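S.K.: Once you've had a glance at the structure underneath, I'll fire off some questions.
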Amino acid sequence: MKPRNREINIFNLSMLDVICGSLGAFVIIMIILMPYYKKENIDYQHEIERLRRQAETSDQRASQAEQRAQRAEMMLAKTFLVVYIRWNTRYHDVDLHVIDPAGAEFYFQKKTIAGRQGELSEDNQIGPGNEIWEIKDAPPGQYQLYANLYSRHGNPENPSVRGRVFFRDGSKALPEIVLTQEKRKERIGTLTVRDDGSLQFSW
Ligand SMILES: [Ca+2]
């Protein structure tokens with residue numbers, strides 16, 4: 001009797017052998033490689049963690065650099081102000097008045113004001129004379145400038161008042177005004193200090 005599917009049986013046995021052999025080899029290879037895969041996995045995790053820390057450190061450095069840049073910007077944004085006026089008429093007592101952005105008024109009776117920066121550092125009572133008001137770091141806002149003929153001291157002339165303001169970026173002449181009445185504040189002009197420390201003039 002001729003056996004059925006003989007070739008197939010032989011083939012099947014061979015296939016089983018091959019499959020078992022391959023599976024065994026595969027398992028052995030997997031077992032051998034497993035620690036490497038795990039190790040690589042751990043290495044990648046370390047690498048990711050290291051990169052993350054590096055990124056955080058970079059962020060901190062970037063943040064610190066940004067803060068330094070902001071501080072530098074703020075330092076640059078500040079301006080000083082020196083307001084100077086003069087008059088050439090004899091005997092006259094002219095006064096400079098400066099009203100700062102908070103409304104504080106500096107003049108000979110209030111050369112400094114508690115809680116406010118700025119100082120009337122020069123006050124002359126007999127002309128020819130000059131007056132100076134100065135501030136190291138001028139807060140942004142409007143500074144109103146006035147001149148007052150406090151006393152003629154017998155001189156009937158009308159004093160002409162000139163002057164100049166000095167600041168971070170240079171200086172600018174004040175408009176000339178003539179004072180015609182005693183004890184009446186006359187407006188010279190208004191300075192505006194912008195947030196970036198630059199100036200605007202209204203006269
Ligand atoms: Ca004066």
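Residues are named by chain letter and number: chains run A, B, ... in the order of the structure tokens, numbers start at 1 in each chain, and ligands are numbered from 1 in the order shown.
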Which chain A residues have any atom within 6 Å of an atom of ligand 1, and for each, what is the nearest pair of atoms with distance in Å to one decimal, counting only C-alpha atoms and all ligand atoms, rows sorted by chain and number, as CSV?
M.R.:
residue,atom,partner,partner_atom_place_in_ligand_line,distance
A:Asp93,CA,ligand 1,1 (Ca),4.9
A:Val94,CA,ligand 1,1 (Ca),4.5
A:Asp95,CA,ligand 1,1 (Ca),3.9
A:Asp123,CA,ligand 1,1 (Ca),4.7
A:Asn124,CA,ligand 1,1 (Ca),4.4
A:Gln125,CA,ligand 1,1 (Ca),4.5
S.K.: Show which residues sit within 12 Å of range 173-179 of chain A, as an mmCIF file with C-alpha atoms, in the first residue's frame. Count only C-alpha atoms, and ignore same-chain residues fewer than 3 positions away.
M.R.:
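part_37.cif written:
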data_model
loop_
_atom_site.group_PDB
_atom_site.id
_atom_site.type_symbol
_atom_site.label_atom_id
_atom_site.label_comp_id
_atom_site.auth_asym_id
_atom_site.auth_seq_id
_atom_site.Cartn_x
_atom_site.Cartn_y
_atom_site.Cartn_z
ATOM 1 C CA VAL A 82 19.516 120.044 35.005
ATOM 2 C CA VAL A 83 17.371 123.119 34.466
ATOM 3 C CA TYR A 84 19.356 126.353 34.422
ATOM 4 C CA ILE A 85 17.996 129.913 34.125
ATOM 5 C CA ARG A 86 19.771 133.279 34.265
ATOM 6 C CA TRP A 87 18.895 136.955 34.157
ATOM 7 C CA ASN A 88 21.190 139.915 33.613
ATOM 8 C CA THR A 89 19.290 142.761 35.267
ATOM 9 C CA HIS A 92 16.264 141.621 40.598
ATOM 10 C CA ASP A 93 15.423 138.457 42.507
ATOM 11 C CA VAL A 94 14.065 135.933 40.052
ATOM 12 C CA ASP A 95 12.990 132.447 41.141
ATOM 13 C CA LEU A 145 8.984 125.158 34.463
ATOM 14 C CA TYR A 146 8.105 128.647 35.706
ATOM 15 C CA ALA A 147 9.996 131.842 36.466
ATOM 16 C CA ASN A 148 8.851 134.387 39.029
ATOM 17 C CA LEU A 149 10.073 137.939 39.535
ATOM 18 C CA TYR A 150 10.028 137.734 43.289
ATOM 19 C CA SER A 151 11.345 141.282 43.828
ATOM 20 C CA ARG A 152 12.616 144.132 41.685
ATOM 21 C CA PRO A 156 12.112 149.213 37.288
ATOM 22 C CA GLU A 157 13.368 147.163 34.307
ATOM 23 C CA ASN A 158 11.678 143.976 33.233
ATOM 24 C CA PRO A 159 14.118 141.078 33.500
ATOM 25 C CA SER A 160 14.577 138.797 30.567
ATOM 26 C CA VAL A 161 15.016 135.145 31.595
ATOM 27 C CA ARG A 162 17.002 132.704 29.456
ATOM 28 C CA GLY A 163 18.180 129.233 30.182
ATOM 29 C CA ARG A 164 18.939 125.729 29.096
ATOM 30 C CA VAL A 165 18.013 122.207 30.099
ATOM 31 C CA PHE A 166 20.697 119.512 30.145
ATOM 32 C CA PHE A 167 19.770 115.851 29.931
ATOM 33 C CA GLY A 170 22.202 116.570 25.145
ATOM 34 C CA GLU A 182 6.404 141.013 40.576
ATOM 35 C CA LYS A 183 5.268 137.810 42.275
ATOM 36 C CA ARG A 184 3.554 136.343 39.280
ATOM 37 C CA LYS A 185 4.752 132.979 38.006
ATOM 38 C CA GLU A 186 5.251 132.971 34.263
ATOM 39 C CA ARG A 187 5.367 129.709 32.380
ATOM 40 C CA ILE A 188 8.667 128.911 30.656
ATOM 41 C CA GLY A 189 7.606 125.551 29.235
ATOM 42 C CA THR A 190 6.991 121.880 29.972
ATOM 43 C CA LEU A 191 9.417 118.977 29.659
ATOM 44 C CA PHE A 201 9.565 119.841 24.888
ATOM 45 C CA SER A 202 6.430 121.939 24.903
ATOM 46 C CA TRP A 203 7.154 125.624 24.374
#
S.K.: What does the distance from CA of Trp133 in chain A to CA of Phe108 in chain A come to in Å, to one decimal?
M.R.: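 Distance reported for this atom pair: 10.2 Å.
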S.K.: What does the distance between CA of Lys78 in chain A and CA of Ile132 in chain A come to in Å, to one decimal place?
M.R.: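 One can read the CA of Lys78 in chain A to CA of Ile132 in chain A distance as 19.9 Å.
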S.K.: Can you pull out every residue from range 8-203 of chain A that DSSP, working from the backbone, puts in alpha helix (DSSP H), and format the result as number ranges by chain?
M.R.: A: 8-77
S.K.: I'd like to know which of A:Asp196, A:Tyr44, A:Asp169, A:Leu51 is closest to Met74 in chain A, using only C-alpha atoms.
M.R.: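 Closest candidate: A:Asp196.
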S.K.: Looking at A:Ile135, A:Pro128, A:Gln109, A:Thr79, which one is nearest to Leu199 in chain A, with distances taken over only C-alpha atoms?
M.R.: A:Thr79
S.K.: I'd like the interatomic distance between CA of Ile126 in chain A and CA of His153 in chain A, to a tenth of an Å.
M.R.: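 Computing it gives 8.1 Å between the two atoms.
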